[in-house]
Amino acid sequence: MASVIFENVSLRIPIFNKRLFSLKKNINLSTDLVGVKKGSENGNLYSEILSNISFEINDNDSVGILGHNGSGKTTLLKVISGIYHPDIGNVKVVGRISPFLNVHSITKPDATGYENIKIFWLYFEKTSELKTLTKEVEKFSELGEYLNFPIKTYSAGMLTRLFFAILINIQTEIVAIDEGISTGDENFQKKANAELENYLGEKKIKFFATHDSNFAEKYCNKIFIMKKGTLKVYNNVKEGLDYFRNNYYKDN
Amino acid sequence: MKFNKLIIYLSSCLELSWIDIKLRYARSVLGPLWIVISSMVLIGGLTFVFNSLWGMDVKTIVPWIAIGVIVWGFIRTVVEEGSQLLMNDVFNNLAIKPLKWCIIHVFKNVIILTHNFLVIGLALYFCDVKLNLNAFWMVYGVIVLLINAMSFSIILSFLCTRYRDFILVIRNGMFLLFLITPIFWMPDVLKGNRAILADYNILFQLIQTIRDPLLGNSLSTYNLLFTSSFTLFFGIFTILIYKKYSKKFNLWI
């Protein structure tokens, strides 16, 4: 059984940059676009990226997270993935979750494709054999001989193939995917989409941060709509999407 | 079962640090031999200066300087690289525990240290230093050094991530410490009050836990008491700090 429960969670990122202290004067400066709350605590400025979020997600839920740029979608996924640990409120996650959203940061440009697979495996994978993972990645990424080359020679599309292949083969019960999979040629895209359905079928809980309401309509049974760090849960997909499509950007 | 898991965890850290070292030297012709060469050059230079300026006997100072400089090199890189260890985008994108990162960092430096033991071996051999049973005290020295390396890298990496000025303080301070600590000079030149540079200097005492046994002396009671109590208290302090900040530090990056 897997579940994700948030109780009144707020995430504040402190700002220590002394030059920005003049910002204190206009503490409620917020634009339509990025509307995070600012404030100060113990003499330090902070920016509240997520404010007072509560929800409960259980087995077989698939959640689409929609919202403007800077509304906190990615940060919410990061909290779910266990990258950020908020001070305020409670986060309870039951079940294994993929520990990353963006895989680029632990890769070594001088290491070969195979070595990078191994690096990933050493960091995260504790449930399967390296050989199995390597084989799956070989099969899925179709990079062939290129896996013996340093990954700095790869194109952006080839890197996506490699990383997506790794991501998809790491075994978890909960999955969080940010902004879909956008690079890769048409052929790979098709395969990725087909595989995605296959792969997602095995997962108990799914979170997608997306701007594509059609995608959310197709894959999700719950909608989170985020605005300036706050969150509203719609258990009815149609209702949520209707609001998002027609009124979201109008009422600010 | 738990012990098994620990072994798997540590071996994956070791393998990651090994990959790091391999990649660092992948494109140089001499590879890790550079570690050995650079220590030899430094030791050679210091010996030359001491021998020609003060006419000190080469056979006494070479082993002293060699062990001192090499263990110091380990401490220095652990501290200096450690201070910027956690300022990495990785922690905002992946759920990696900073502990794993610190262990990898210490292992990397241990691998370099083992390369350098070749230099120490050569120095001892050519200066006719005979190892005796006291050399086993070195096991204690290595354990204490490792625990302290972990503690220092955790504490300093948290401190420097939060307060950036400390990176510069450390960079400047380490050179000063190199000069005022009896690393390449003998502590018996210290008279009166100045003996505190050796007696209360944890860096000197840590170096002695490795140097004394290799030179055939047993560790003094003072050294044992000082290093073990320091390690214990500093270790407990580190655990407390780690528990408090390990989940928060990535908001400071």
# chains A, B, ... in the order shown; residues from 1 in each chain; ligands from 1
$ closest_atom_pairs --of "chain A" --to "chain B" --cutoff "8 Å" --atoms "only C-alpha atoms" --output "CSV"
residue,atom,partner,partner_atom,distance
A:Ile13,CA,B:Leu251,CA,5.7
A:Pro14,CA,B:Leu251,CA,6.9
A:Ile15,CA,B:Trp252,CA,7.8
A:Phe16,CA,B:Trp252,CA,8.0
A:Lys78,CA,B:Asn93,CA,7.5
A:Ser81,CA,B:Ala95,CA,7.0
A:Gly82,CA,B:Ala95,CA,5.7
A:Ile83,CA,B:Ala95,CA,4.5
A:Tyr84,CA,B:Lys247,CA,7.2
A:His85,CA,B:Lys247,CA,5.8
A:Pro86,CA,B:Lys248,CA,8.0
A:Pro99,CA,B:Ala95,CA,5.0
A:Phe100,CA,B:Leu94,CA,4.4
A:Leu101,CA,B:Asn93,CA,6.3
A:Asn102,CA,B:Asn93,CA,5.7
A:Val103,CA,B:Asn93,CA,7.5
A:Ser105,CA,B:Val90,CA,5.3
A:Ile106,CA,B:Val90,CA,6.5
A:Asp110,CA,B:Leu23,CA,6.9
A:Ala111,CA,B:Leu23,CA,7.0
A:Ile119,CA,B:Leu16,CA,6.8
A:Leu122,CA,B:Ser12,CA,5.5
A:Tyr123,CA,B:Ser12,CA,7.6
$ residues_around --residues "A:Ser3" --least-positions-apart "3" --cutoff "9 Å" --atoms "only C-alpha atoms" --output "ChimeraX atom specification"
/A:56-59,92-95,174,204-205
$ write_last_selection --atoms "C-alpha atoms" --output "PDB file, in the first residue's frame"
ATOM      1  CA  GLU A  56      -4.205  12.859   0.822  1.00  0.00           C
ATOM      2  CA  ILE A  57      -3.435  10.585  -2.094  1.00  0.00           C
ATOM      3  CA  ASN A  58      -3.779   6.810  -1.967  1.00  0.00           C
ATOM      4  CA  ASP A  59      -3.261   3.735  -4.133  1.00  0.00           C
ATOM      5  CA  LYS A  92       4.031  11.405   5.181  1.00  0.00           C
ATOM      6  CA  VAL A  93       5.027   9.243   2.252  1.00  0.00           C
ATOM      7  CA  VAL A  94       4.500   5.476   2.349  1.00  0.00           C
ATOM      8  CA  GLY A  95       6.087   3.495  -0.465  1.00  0.00           C
ATOM      9  CA  ILE A 174       5.268   6.213  -6.478  1.00  0.00           C
ATOM     10  CA  LYS A 204       0.487   2.788  -7.558  1.00  0.00           C
ATOM     11  CA  ILE A 205       0.586   6.573  -7.348  1.00  0.00           C
TER      12      ILE A 205
END
$ atom_distance --atom1 "atom CA of A:Lys238" --atom2 "atom CA of A:Glu217"
7.8 Å
$ closest_residue --among "B:Ile154, B:Ala123, B:Leu197, B:Ile61" --to "B:Leu99" --atoms "only C-alpha atoms"
B:Ile154
$ atom_distance --atom1 "atom CA of B:Val49" --atom2 "atom CA of B:Trp64"
14.3 Å
$ closest_residue --among "A:Asn187, A:Val63, A:Met1, A:Gly43" --to "A:Asn221" --atoms "only C-alpha atoms"
A:Val63
$ select_by_dssp --residues "stretch 9-245 of chain A" --states "alpha helix (DSSP H)" --output "number ranges by chain"
A: 73-81, 113-123, 130-141, 156-169, 186-202, 213-219, 237-245
$ closest_residue --among "A:Ile170, A:Asn116, A:Tyr243, A:Trp121" --to "A:Pro150" --atoms "only C-alpha atoms"
A:Asn116
$ residues_around --residues "stretch 219-226 of chain B" --least-positions-apart "6" --cutoff "7 Å" --atoms "only C-alpha atoms" --output "ChimeraX atom specification"
/B:205,209,212-213
$ residues_around --residues "B:Ala149" --least-positions-apart "5" --cutoff "10 Å" --atoms "only C-alpha atoms" --output "PDB file with N, CA and C atoms, in the first residue's frame"
ATOM      1  N   PHE B  74      46.451  15.017   3.472  1.00  0.00           N
ATOM      2  CA  PHE B  74      45.139  14.385   3.626  1.00  0.00           C
ATOM      3  C   PHE B  74      44.188  15.309   4.383  1.00  0.00           C
ATOM      4  N   ILE B  75      44.661  15.822   5.523  1.00  0.00           N
ATOM      5  CA  ILE B  75      43.799  16.691   6.337  1.00  0.00           C
ATOM      6  C   ILE B  75      43.409  17.935   5.542  1.00  0.00           C
ATOM      7  N   ARG B  76      44.384  18.498   4.835  1.00  0.00           N
ATOM      8  CA  ARG B  76      44.133  19.749   4.117  1.00  0.00           C
ATOM      9  C   ARG B  76      43.068  19.562   3.037  1.00  0.00           C
ATOM     10  N   THR B  77      43.193  18.510   2.219  1.00  0.00           N
ATOM     11  CA  THR B  77      42.187  18.363   1.158  1.00  0.00           C
ATOM     12  C   THR B  77      40.832  17.995   1.738  1.00  0.00           C
ATOM     13  N   VAL B  78      40.826  17.197   2.801  1.00  0.00           N
ATOM     14  CA  VAL B  78      39.532  16.880   3.422  1.00  0.00           C
ATOM     15  C   VAL B  78      38.855  18.170   3.853  1.00  0.00           C
ATOM     16  N   VAL B  79      39.610  19.074   4.468  1.00  0.00           N
ATOM     17  CA  VAL B  79      39.013  20.300   4.988  1.00  0.00           C
ATOM     18  C   VAL B  79      38.685  21.289   3.868  1.00  0.00           C
ATOM     19  N   GLY B  82      36.244  19.842   1.482  1.00  0.00           N
ATOM     20  CA  GLY B  82      35.060  19.589   2.294  1.00  0.00           C
ATOM     21  C   GLY B  82      34.242  20.836   2.518  1.00  0.00           C
ATOM     22  N   CYS B 102      29.638  12.943   1.920  1.00  0.00           N
ATOM     23  CA  CYS B 102      30.821  13.122   2.769  1.00  0.00           C
ATOM     24  C   CYS B 102      31.655  11.845   2.830  1.00  0.00           C
ATOM     25  N   ILE B 103      30.987  10.696   2.901  1.00  0.00           N
ATOM     26  CA  ILE B 103      31.745   9.437   2.955  1.00  0.00           C
ATOM     27  C   ILE B 103      32.541   9.266   1.667  1.00  0.00           C
ATOM     28  N   HIS B 105      33.611  11.574  -0.272  1.00  0.00           N
ATOM     29  CA  HIS B 105      34.695  12.561  -0.231  1.00  0.00           C
ATOM     30  C   HIS B 105      35.867  12.064   0.615  1.00  0.00           C
ATOM     31  N   VAL B 106      35.566  11.501   1.785  1.00  0.00           N
ATOM     32  CA  VAL B 106      36.647  10.996   2.645  1.00  0.00           C
ATOM     33  C   VAL B 106      37.332   9.792   2.000  1.00  0.00           C
ATOM     34  N   PHE B 107      36.551   8.896   1.414  1.00  0.00           N
ATOM     35  CA  PHE B 107      37.139   7.719   0.747  1.00  0.00           C
ATOM     36  C   PHE B 107      38.087   8.131  -0.375  1.00  0.00           C
ATOM     37  N   ASN B 109      39.868  10.750  -0.564  1.00  0.00           N
ATOM     38  CA  ASN B 109      41.134  11.189   0.013  1.00  0.00           C
ATOM     39  C   ASN B 109      41.915  10.047   0.641  1.00  0.00           C
ATOM     40  N   VAL B 110      41.183   9.016   1.105  1.00  0.00           N
ATOM     41  CA  VAL B 110      41.886   7.845   1.639  1.00  0.00           C
ATOM     42  C   VAL B 110      42.611   7.127   0.500  1.00  0.00           C
ATOM     43  N   ILE B 143      42.202   4.955  12.398  1.00  0.00           N
ATOM     44  CA  ILE B 143      40.784   5.004  12.782  1.00  0.00           C
ATOM     45  C   ILE B 143      40.417   6.396  13.281  1.00  0.00           C
ATOM     46  N   VAL B 144      41.242   6.936  14.162  1.00  0.00           N
ATOM     47  CA  VAL B 144      40.963   8.270  14.707  1.00  0.00           C
ATOM     48  C   VAL B 144      40.962   9.312  13.591  1.00  0.00           C
ATOM     49  N   ILE B 154      31.766  17.045   7.618  1.00  0.00           N
ATOM     50  CA  ILE B 154      30.342  17.330   7.834  1.00  0.00           C
ATOM     51  C   ILE B 154      30.150  18.718   8.443  1.00  0.00           C
ATOM     52  N   THR B 231      38.156  13.098  19.626  1.00  0.00           N
ATOM     53  CA  THR B 231      37.384  12.385  18.611  1.00  0.00           C
ATOM     54  C   THR B 231      35.981  12.082  19.112  1.00  0.00           C
TER      55      THR B 231
END
$ residues_around --residues "A:Ile225" --least-positions-apart "4" --cutoff "8 Å" --atoms "only C-alpha atoms" --output "ChimeraX atom specification"
/A:65-67,231-234,240,244
$ residues_around --residues "B:Val69" --least-positions-apart "6" --cutoff "12 Å" --atoms "only C-alpha atoms" --output "PyMOL selection string"
chain B and resi 38-47+61-63+75-76+113+116-117+119-120+178-179+181-185+203-204+207-208+210-211
$ write_last_selection --atoms "C-alpha atoms" --output "short mmCIF file (atom, residue, chain, number, x, y, z; two decimals), in the first residue's frame"
data_model
loop_
_atom_site.label_atom_id
_atom_site.label_comp_id
_atom_site.auth_asym_id
_atom_site.auth_seq_id
_atom_site.Cartn_x
_atom_site.Cartn_y
_atom_site.Cartn_z
CA SER B 38 53.85 15.93 -6.18
CA SER B 39 54.43 14.70 -2.63
CA MET B 40 57.97 13.69 -3.48
CA VAL B 41 58.72 17.13 -4.90
CA LEU B 42 57.38 18.88 -1.82
CA ILE B 43 59.26 16.59 0.55
CA GLY B 44 62.43 16.96 -1.50
CA GLY B 45 62.18 20.73 -1.47
CA LEU B 46 61.59 20.98 2.27
CA THR B 47 64.44 18.58 2.99
CA ILE B 61 64.35 14.75 8.84
CA VAL B 62 63.23 12.97 5.68
CA PRO B 63 60.97 10.39 7.39
CA ILE B 75 43.80 16.69 6.34
CA ARG B 76 44.13 19.75 4.12
CA LEU B 113 46.58 8.72 0.98
CA ASN B 116 51.15 8.33 -0.87
CA PHE B 117 52.07 5.54 1.51
CA VAL B 119 56.36 7.62 -0.71
CA ILE B 120 56.44 7.03 3.03
CA PHE B 178 50.61 24.43 8.03
CA LEU B 179 53.28 26.90 9.13
CA THR B 181 51.99 23.25 13.30
CA PRO B 182 55.07 21.07 13.75
CA ILE B 183 54.61 19.29 10.44
CA PHE B 184 57.92 19.84 8.71
CA TRP B 185 59.81 21.13 11.73
CA LEU B 203 46.26 18.56 14.00
CA PHE B 204 49.73 17.88 15.37
CA ILE B 207 49.62 13.52 12.70
CA GLN B 208 51.60 12.05 15.61
CA ILE B 210 50.50 8.01 12.47
CA ARG B 211 54.03 9.39 12.61
#
$ atom_distance --atom1 "atom CA of B:Ile70" --atom2 "atom CA of B:Gly141"
14.0 Å
$ residues_around --residues "A:Leu130" --least-positions-apart "5" --cutoff "10 Å" --atoms "only C-alpha atoms" --output "PyMOL selection string"
chain A and resi 117-118+120-122+125+135-136
